[in-house]
Amino acid sequence: MMGNRLNRRDFLWRSALIGCSAAASPLVTPMSFAAAPWENRLVVLILRGALDGLDALRPVGDPDFAALRPDRGAGTGVALDGAWELHPALAPLAPLWRAGELGFVNATSTPYRDKRSHFDGQDILEAGTTGVGQARDGWLNRMLQAVPGIEAETTYSIGRGDMLLTTGAAPVTNWSPDAALSLSPQTERLLVMVTHDDPLFRDALGEALVLSGLVAPGAAGEILQMAEMMEMAEGRAMDGGGTMDPGATQDARKALAEAAKAARGAGGYDALARFASQKLRAEARIATFSINGWDTHAAQHRTLQGPLESLASVLLTLRDELGPAVWGKTAVVAMTEFGRTARLNGTGGSDHGTAGLMIYAGGALRGQQVAGGWPGLAEADLYARRDLLPLSDVRAHAAGVMQGLFGLDRAVLEGQVFPGLDLSGAARLVL
Amino acid sequence: MSFDPHLAEIRFGTGLSPRLAPAQSAAALLARLRGPDEAAAAYPIEGWAGFQARLARAAELTEVRKAARNDAEALRAAKKQQNLHNKAARQARADWVVSMALRRAHTPDGFRERLTAFWADHFTVQGKFGIPRRGVAPFTESAIRPHVAGRFADMLIAATTAPMMLHYLDQASSIGPNAPEVKRRGGRAGLNENLAREVMELHTLGAGGPYTQDDVQQLAELLTGLSFTFEEGFVFRPRFAEPGPEVVLGKTYGGAEVPHLAEVTEALEDLARHPATARHLARKLAVHFVSDDPPEALIADMAARYAETGGQLAEVYAVLLDHPAAWTAPLGGNVKPPVDFIGSVLRALDVPAAKMPLGDERGFRIALAAPMQQMGQPWEQPNGPDGWPEADGDWITPQRYAARLQWLTSAPLLLLDEVPDPREVLQSALGPLAPEGLRFAVAAAQTRIEGLALAFAAPAFQRM
C-alpha cells in the first residue's frame, strides 16, 4: 500500500469492500439472541497459583495429617464429618454443603507431572491436553466447537484478560463489567475502517462496540453506508484550531476519573460473579473467570485466607444472584493447576505439588460428598514422597459434568475435547 | 530487509518523536546504548541505596511504635509518623512511574528503555506488604538497568541477590534443613524452593530445560544463606546455609566449612553459561522484539553469539539488529503492550514534563495507573513471577482495546496545552510508514482529538 496513493474512487471502492467482506467481524455478523442449545449452566473457575487442597479441605481423619500440618490452628475449621474439615475462611459455605450443593473431588490432577511449573501447569489445565504445547485452543472452546448452533452470547469469558480455556474457533464473548466505550458515531465508523484489515483489532473493536451498547448487533450495514463515507472524506472539521477549551479538559479529567473509579470497583471478584450471573440469567449458558493468589509459599495461615474468602464469596454471590431456579440448573467447578506439598515447608507455606482438590457447587450437582478416593498421607503413599498422590485425571471430572449437563457424546469428549482421556474415571457429580 | 531508522525507533525503541532524530544505523543505535544514560540523568528514579534507607527508617518507626505502646499520646504520634512515611513512599513510587514514562517520551536512546523493561520483566519482583510494595523501580534502577548492555551473568547475580527478589520469592527466610539456625528454632524452620525453581525455570534454563525436581531441591539448598534485612539490605547468613555440598545439573558446589556467597555465584555463573539458557534468552528476546513466533534461524544465531561471547548481551542485540528477520512486516509486528503504547503516545505528542502528574498521586492514578490497569497491565503488578504475557491476543481483547480507546479520547486533553493537528502527529508518529488509508481517516475526523485517537488506535500505530 505504501507509495500507492489512494484517490477518492479507490477509497469508495474500499469502503464498499468493507461492507461486503466483513462477515467475519462480530460487528457485522448479526448476533442472535435466540435460545441457546441447553437450559443448564456451567461456570468454570480457574484458581491460578495452585490451591493447597490439604488446607482448604483438611483431611483430619487421616492419622498422618496432624504431623504434616502442625501449625494450622487445630479446631478452628468447620467439621463436615469425622474425616474432613473446611478451612475457617470457607465456613460461609457450610450451609451449601448441608444443602447438598457443595462437594469436592480429592486427589485429582491434570496429566502434568514433575516439573511443577505454574505456567505450564495452567496451560495444560486450560488446553486440556496431556502435555505442554499440544494445543493452541482451550478445552471449553473445543467443547463448544462440537455443538452446532453455538453463538457468542452462549459463553462469556469474564475479566480483563482472555483465557486459554475459551480460546479457539468457537465464538466466545470476552468482556469485563467495568469496560466502557464512548465514541462519536463518526469516530466509531472511521475506526471500523482503519482496523478492518487487521482481524485482531477489527474483531476486538466490533465486540467492544456491541457490548458497550454503542452499536446494535448487525448494524454494520448502516455504519458503512457509502454516502457517509463520502461525507467523512471531506476532512472538513480539521481546521477548527487546536486551542484547548478548558471545559474539554475538565470533561476529559472527569471521564478518566470515572473510569479509574470503575476500575477500582472491578478488582473485586464479586463484581465478576454478579456480571456472570446477569449473563447466565439471560442467554448465556457458560461463564468462566479466574481467581488468583493461591501460591502460598510462606505464612500460609495468613496468605491463604484472602483467596479462600474470595472463592467462598464468589460461590455465594453466584447462588444469590442466579436465584433458586437458575442455581438449580447450574454447575460451578473450580480447578487449579496442581496441588501443593503435603508437608509445610520451612517458612510456614507449601511448595508446588501434584494432586490437588477440585471444588464444585450448584444445584445441578450431587454435593455433600468428597469424591475421587483418598490415597493417604503416609510417606510411602505420597507421590515422590512429597505430594498427594493423583488418583484421577481432573479432566475426567470436567468431562463428566459436561456430559451430564449438556448430553455430549463420550467419543467427542475423549477424542476432541480432552485428547487421550478415559472418561470411565469420572466421578458421578451430576444429579 | 535491513535496518530502517523509522522502523528501528518503533520496533526497538519507544516510538518516533517529532523532535528527536532516529539512529541511522544499528551501530549508531548500539553506540547510544553503550553511551551515557542520559534519560536516567534527566528523569531520576531512586536507586536501591535510597530505597534501602526508606526500609531502614520503616524498621526504626516500627520500633518507635512498639516502645510507645503503653503511652497513648506517644503511640498516636508514632502512628502518624508511620503514616507519613508510607505516604511519602507511595508518592515517590508514583513519581518513579511517571519518570519511567517521561524517559520513554524524551530519550534519545529508546532501546535502553525497552531493554530495561524487558529484563525487569524477566526478573519480575513485587513487594508483598508495606514499603517493599514501592520497591520495584529502585530494584530495576540498580539491579537491572546498569546491566542491560553488559554480561547476563552479572544481571542474574545482581537480581538473584537483590532484597526485592529474596523477599518476593521467599528466599530470605529459607533455611537449610540441617543448618544451625533450624536447631536454634527448635525445628520450626526450613527450606523454601520458590526462588530456586524460578531461577531455573524462568531466569535461566527455561521451563522445558534440562533440570529435574532434584536439581531444584539442590539449588534451593545451595541458595540458603541469601537473605536481607530492612536495616542492612542484603546479608549472607552462614547460619541459614545448608551444610555440605550440593549437586546441581551434575556439578558439585559448596561444602566449604563456612558456607559463603561465592558458592552461590559460581552456580549462577554456570547456569548463565548453560546452552539452554542461551536459547531460552535468545528466544525470549526474539519473541519480545520481533514476533510471537520468531524464525528459528534468528533464535539460533542469537544463541550462538551468546555462547561465543560468554553472554555479552550487547553482542546478542547486534545479531538481532543485523538479522533480516528483524525487519520484516513493517508495522505488522507485535502489538505494543500498554506501557509501550502509552509511552509511544506521550513521545509522539512530545508531552512536556510540566504537564505530567509529578507530585500528584491522584493525577497519576487517573491519567496512567488506572488506565494501565484497564488495559490489562497494572504496572509493577503482573500475575506472577513470569511477568507480562507476550501474545498479541492477550493485549487486544474487546475490553482491553476499549480501555485504550477510552484513554486516547481523554488523556491528550489533560497532557497538552494545545491539541496538535492530527495529520502532522500521524506524520511524525509513523513517518513514511503511515498507511494511506489511515491518513485519509485521520483527515476525515470531526475534531482534532478524535483525529489523534484514530491515529493512535489504528493497528499501524498499535503494532511495532
# chains A, B, ... in the order shown; residues from 1 in each chain; ligands from 1
$ closest_atom_pairs --of "range 363-400 of chain B" --to "range 200-217 of chain B" --cutoff "10 Å" --atoms "only C-alpha atoms" --output "tab-separated table"
residue	atom	partner	partner_atom	distance
B:Pro385	CA	B:Leu202	CA	8.0
B:Asp386	CA	B:Leu202	CA	6.6
B:Gly387	CA	B:Leu202	CA	9.6
$ residues_around --residues "Ser392 in chain A" --least-positions-apart "3" --cutoff "7 Å" --atoms "only C-alpha atoms" --output "PyMOL selection string"
chain A and resi 107-109+372+425
$ select_by_dssp --residues "range 161-346 of chain B" --states "strand (DSSP E)" --output "list in words"
Leu226, Ser227, Phe228, Thr229, Gly233, Phe234, Val235, Phe236, Pro245, Glu246, Val247, Val248, Lys251, Thr252, Tyr253 and Gly254 of chain B
$ write_last_selection --atoms "all heavy atoms" --output "short mmCIF file (atom, residue, chain, number, x, y, z; two decimals), in the first residue's frame"
data_model
loop_
_atom_site.label_atom_id
_atom_site.label_comp_id
_atom_site.auth_asym_id
_atom_site.auth_seq_id
_atom_site.Cartn_x
_atom_site.Cartn_y
_atom_site.Cartn_z
N LEU B 226 21.20 -16.72 51.47
CA LEU B 226 20.86 -15.44 50.86
C LEU B 226 19.70 -14.83 51.64
O LEU B 226 18.65 -15.44 51.76
CB LEU B 226 20.42 -15.61 49.40
CG LEU B 226 21.38 -16.29 48.43
CD1 LEU B 226 20.79 -16.27 47.03
CD2 LEU B 226 22.72 -15.59 48.44
N SER B 227 19.88 -13.65 52.16
CA SER B 227 18.82 -13.05 52.95
C SER B 227 18.97 -11.53 52.95
O SER B 227 19.87 -10.99 52.31
CB SER B 227 18.83 -13.62 54.37
OG SER B 227 17.64 -13.28 55.05
N PHE B 228 18.08 -10.85 53.63
CA PHE B 228 18.22 -9.39 53.73
C PHE B 228 17.49 -8.92 54.98
O PHE B 228 16.65 -9.64 55.54
CB PHE B 228 17.64 -8.69 52.50
CG PHE B 228 16.15 -8.56 52.51
CD1 PHE B 228 15.54 -7.36 52.88
CD2 PHE B 228 15.35 -9.64 52.17
CE1 PHE B 228 14.16 -7.24 52.89
CE2 PHE B 228 13.97 -9.52 52.20
CZ PHE B 228 13.37 -8.33 52.56
N THR B 229 17.82 -7.73 55.41
CA THR B 229 17.07 -7.11 56.49
C THR B 229 16.69 -5.70 56.07
O THR B 229 17.33 -5.12 55.19
CB THR B 229 17.90 -7.01 57.79
OG1 THR B 229 18.95 -6.05 57.56
CG2 THR B 229 18.50 -8.34 58.19
N GLY B 233 19.87 -4.27 54.33
CA GLY B 233 19.80 -4.75 52.96
C GLY B 233 20.30 -6.18 52.87
O GLY B 233 20.13 -6.96 53.80
N PHE B 234 20.98 -6.50 51.75
CA PHE B 234 21.42 -7.88 51.53
C PHE B 234 22.37 -8.35 52.62
O PHE B 234 23.29 -7.64 53.00
CB PHE B 234 22.11 -8.02 50.17
CG PHE B 234 22.67 -9.39 49.93
CD1 PHE B 234 21.84 -10.42 49.54
CD2 PHE B 234 24.02 -9.66 50.15
CE1 PHE B 234 22.34 -11.71 49.37
CE2 PHE B 234 24.53 -10.95 49.97
CZ PHE B 234 23.68 -11.96 49.58
N VAL B 235 22.12 -9.56 53.11
CA VAL B 235 23.08 -10.20 54.01
C VAL B 235 23.22 -11.67 53.61
O VAL B 235 22.25 -12.27 53.15
CB VAL B 235 22.65 -10.14 55.50
CG1 VAL B 235 22.79 -8.74 56.05
CG2 VAL B 235 21.24 -10.65 55.70
N PHE B 236 24.41 -12.21 53.77
CA PHE B 236 24.57 -13.65 53.63
C PHE B 236 24.66 -14.22 55.03
O PHE B 236 25.49 -13.81 55.83
CB PHE B 236 25.83 -13.99 52.83
CG PHE B 236 25.94 -15.47 52.57
CD1 PHE B 236 25.21 -16.05 51.54
CD2 PHE B 236 26.72 -16.28 53.38
CE1 PHE B 236 25.27 -17.42 51.32
CE2 PHE B 236 26.78 -17.66 53.16
CZ PHE B 236 26.05 -18.22 52.13
N PRO B 245 28.07 -30.17 50.50
CA PRO B 245 27.96 -29.80 49.09
C PRO B 245 26.57 -30.08 48.50
O PRO B 245 25.82 -30.88 49.05
CB PRO B 245 29.01 -30.69 48.42
CG PRO B 245 29.14 -31.88 49.33
CD PRO B 245 28.80 -31.42 50.72
N GLU B 246 26.25 -29.38 47.44
CA GLU B 246 25.03 -29.66 46.67
C GLU B 246 25.42 -29.97 45.23
O GLU B 246 26.39 -29.42 44.71
CB GLU B 246 24.10 -28.44 46.67
CG GLU B 246 23.32 -28.27 47.96
CD GLU B 246 24.07 -27.46 49.01
OE1 GLU B 246 24.99 -26.71 48.62
OE2 GLU B 246 23.75 -27.59 50.20
N VAL B 247 24.62 -30.83 44.59
CA VAL B 247 24.89 -31.20 43.20
C VAL B 247 23.77 -30.65 42.32
O VAL B 247 22.61 -31.06 42.45
CB VAL B 247 24.99 -32.74 43.04
CG1 VAL B 247 25.26 -33.08 41.57
CG2 VAL B 247 26.08 -33.29 43.95
N VAL B 248 24.12 -29.68 41.49
CA VAL B 248 23.14 -29.08 40.59
C VAL B 248 23.57 -29.36 39.15
O VAL B 248 24.71 -29.04 38.78
CB VAL B 248 23.04 -27.56 40.83
CG1 VAL B 248 22.02 -26.94 39.90
CG2 VAL B 248 22.70 -27.26 42.28
N LYS B 251 26.95 -30.99 38.72
CA LYS B 251 28.20 -30.40 39.23
C LYS B 251 28.06 -30.11 40.72
O LYS B 251 27.00 -29.71 41.18
CB LYS B 251 28.51 -29.12 38.46
CG LYS B 251 29.82 -28.47 38.87
CD LYS B 251 30.20 -27.31 37.96
CE LYS B 251 31.31 -26.49 38.63
NZ LYS B 251 31.64 -25.28 37.87
N THR B 252 29.15 -30.33 41.43
CA THR B 252 29.11 -30.17 42.89
C THR B 252 29.53 -28.76 43.29
O THR B 252 30.54 -28.25 42.80
CB THR B 252 30.04 -31.19 43.55
OG1 THR B 252 29.64 -32.50 43.13
CG2 THR B 252 29.95 -31.10 45.07
N TYR B 253 28.73 -28.17 44.14
CA TYR B 253 29.04 -26.82 44.65
C TYR B 253 29.07 -26.86 46.16
O TYR B 253 28.43 -27.69 46.80
CB TYR B 253 27.96 -25.81 44.22
CG TYR B 253 27.81 -25.68 42.73
CD1 TYR B 253 26.90 -26.49 42.06
CD2 TYR B 253 28.56 -24.77 42.01
CE1 TYR B 253 26.74 -26.39 40.69
CE2 TYR B 253 28.41 -24.66 40.64
CZ TYR B 253 27.50 -25.47 39.98
OH TYR B 253 27.35 -25.37 38.64
N GLY B 254 29.73 -25.88 46.73
CA GLY B 254 29.66 -25.69 48.17
C GLY B 254 30.44 -26.73 48.93
O GLY B 254 31.33 -27.40 48.40
#
$ residues_around --residues "Trp139 in chain A" --least-positions-apart "2" --cutoff "9 Å" --atoms "only C-alpha atoms" --output "ChimeraX atom specification"
/A:125-129,137,141-144,164-168,416-418
$ closest_residue --among "A:Gly268, A:Gly407, A:Pro199, A:Pro307" --to "chain B" --atoms "only C-alpha atoms"
A:Pro199
$ residues_around --residues "Thr14 in chain B" --least-positions-apart "5" --cutoff "8 Å" --atoms "only C-alpha atoms" --output "MDAnalysis selection string"
chainID B and resid 9 104:105 110:111 113:114 340 343:344 347
$ write_last_selection --atoms "C-alpha atoms" --output "PDB file, in the first residue's frame"
ATOM      1  CA  GLU B   9      12.621   3.549  16.622  1.00  0.00           C
ATOM      2  CA  ARG B 104      10.256   6.926  27.117  1.00  0.00           C
ATOM      3  CA  ALA B 105       8.886  10.212  25.813  1.00  0.00           C
ATOM      4  CA  GLY B 110      14.655   4.249  23.383  1.00  0.00           C
ATOM      5  CA  PHE B 111      16.282   0.809  23.065  1.00  0.00           C
ATOM      6  CA  GLU B 113      14.161   1.829  27.952  1.00  0.00           C
ATOM      7  CA  ARG B 114      12.749  -1.185  26.128  1.00  0.00           C
ATOM      8  CA  ASP B 340       4.814   0.775  25.221  1.00  0.00           C
ATOM      9  CA  GLY B 343       4.970   5.673  26.170  1.00  0.00           C
ATOM     10  CA  SER B 344       4.882   5.979  22.396  1.00  0.00           C
ATOM     11  CA  ARG B 347       6.519  10.575  22.771  1.00  0.00           C
TER      12      ARG B 347
END
$ residues_around --residues "Pro146 in chain B" --least-positions-apart "4" --cutoff "12 Å" --atoms "only C-alpha atoms" --output "ChimeraX atom specification"
/B:33-37,40,47,112-113,115-116,119-120,138-142,150-152,154-155,158-159
$ atom_distance --atom1 "CA of Ala297 in chain B" --atom2 "CA of Asp322 in chain B"
12.6 Å
$ closest_residue --among "A:Gly82, A:Pro37, A:Gly77, A:Pro95" --to "Ile150 in chain A" --atoms "only C-alpha atoms"
A:Pro37
$ atom_distance --atom1 "CA of Pro111 in chain A" --atom2 "CA of Arg48 in chain A"
17.0 Å
$ select_by_dssp --residues "range 164-391 of chain B" --states "helix (DSSP H, G or I)" --output "PyMOL selection string"
chain B and resi 164-168+180-184+194-203+213-223+238-240+261-273+275-289+296-308+313-322+324-327+338-348+353-355+361-374
$ closest_atom_pairs --of "range 59-174 of chain B" --to "range 349-355 of chain A" --cutoff "12 Å" --atoms "only C-alpha atoms" --output "tab-separated table"
residue	atom	partner	partner_atom	distance
B:Leu169	CA	A:Asp351	CA	11.4
B:Asp170	CA	A:Gly349	CA	9.8
B:Ser173	CA	A:Gly349	CA	11.2
B:Ser174	CA	A:Gly349	CA	10.9
$ residues_around --residues "Gln126 in chain B" --least-positions-apart "4" --cutoff "7 Å" --atoms "only C-alpha atoms" --output "list in words"
Arg133, Val136, Met164, Tyr168, Glu380 and Gln381 of chain B
$ closest_residue --among "B:Ser428, B:Thr409, B:Thr161, B:Ser17" --to "Leu256 in chain A" --atoms "only C-alpha atoms"
B:Thr409
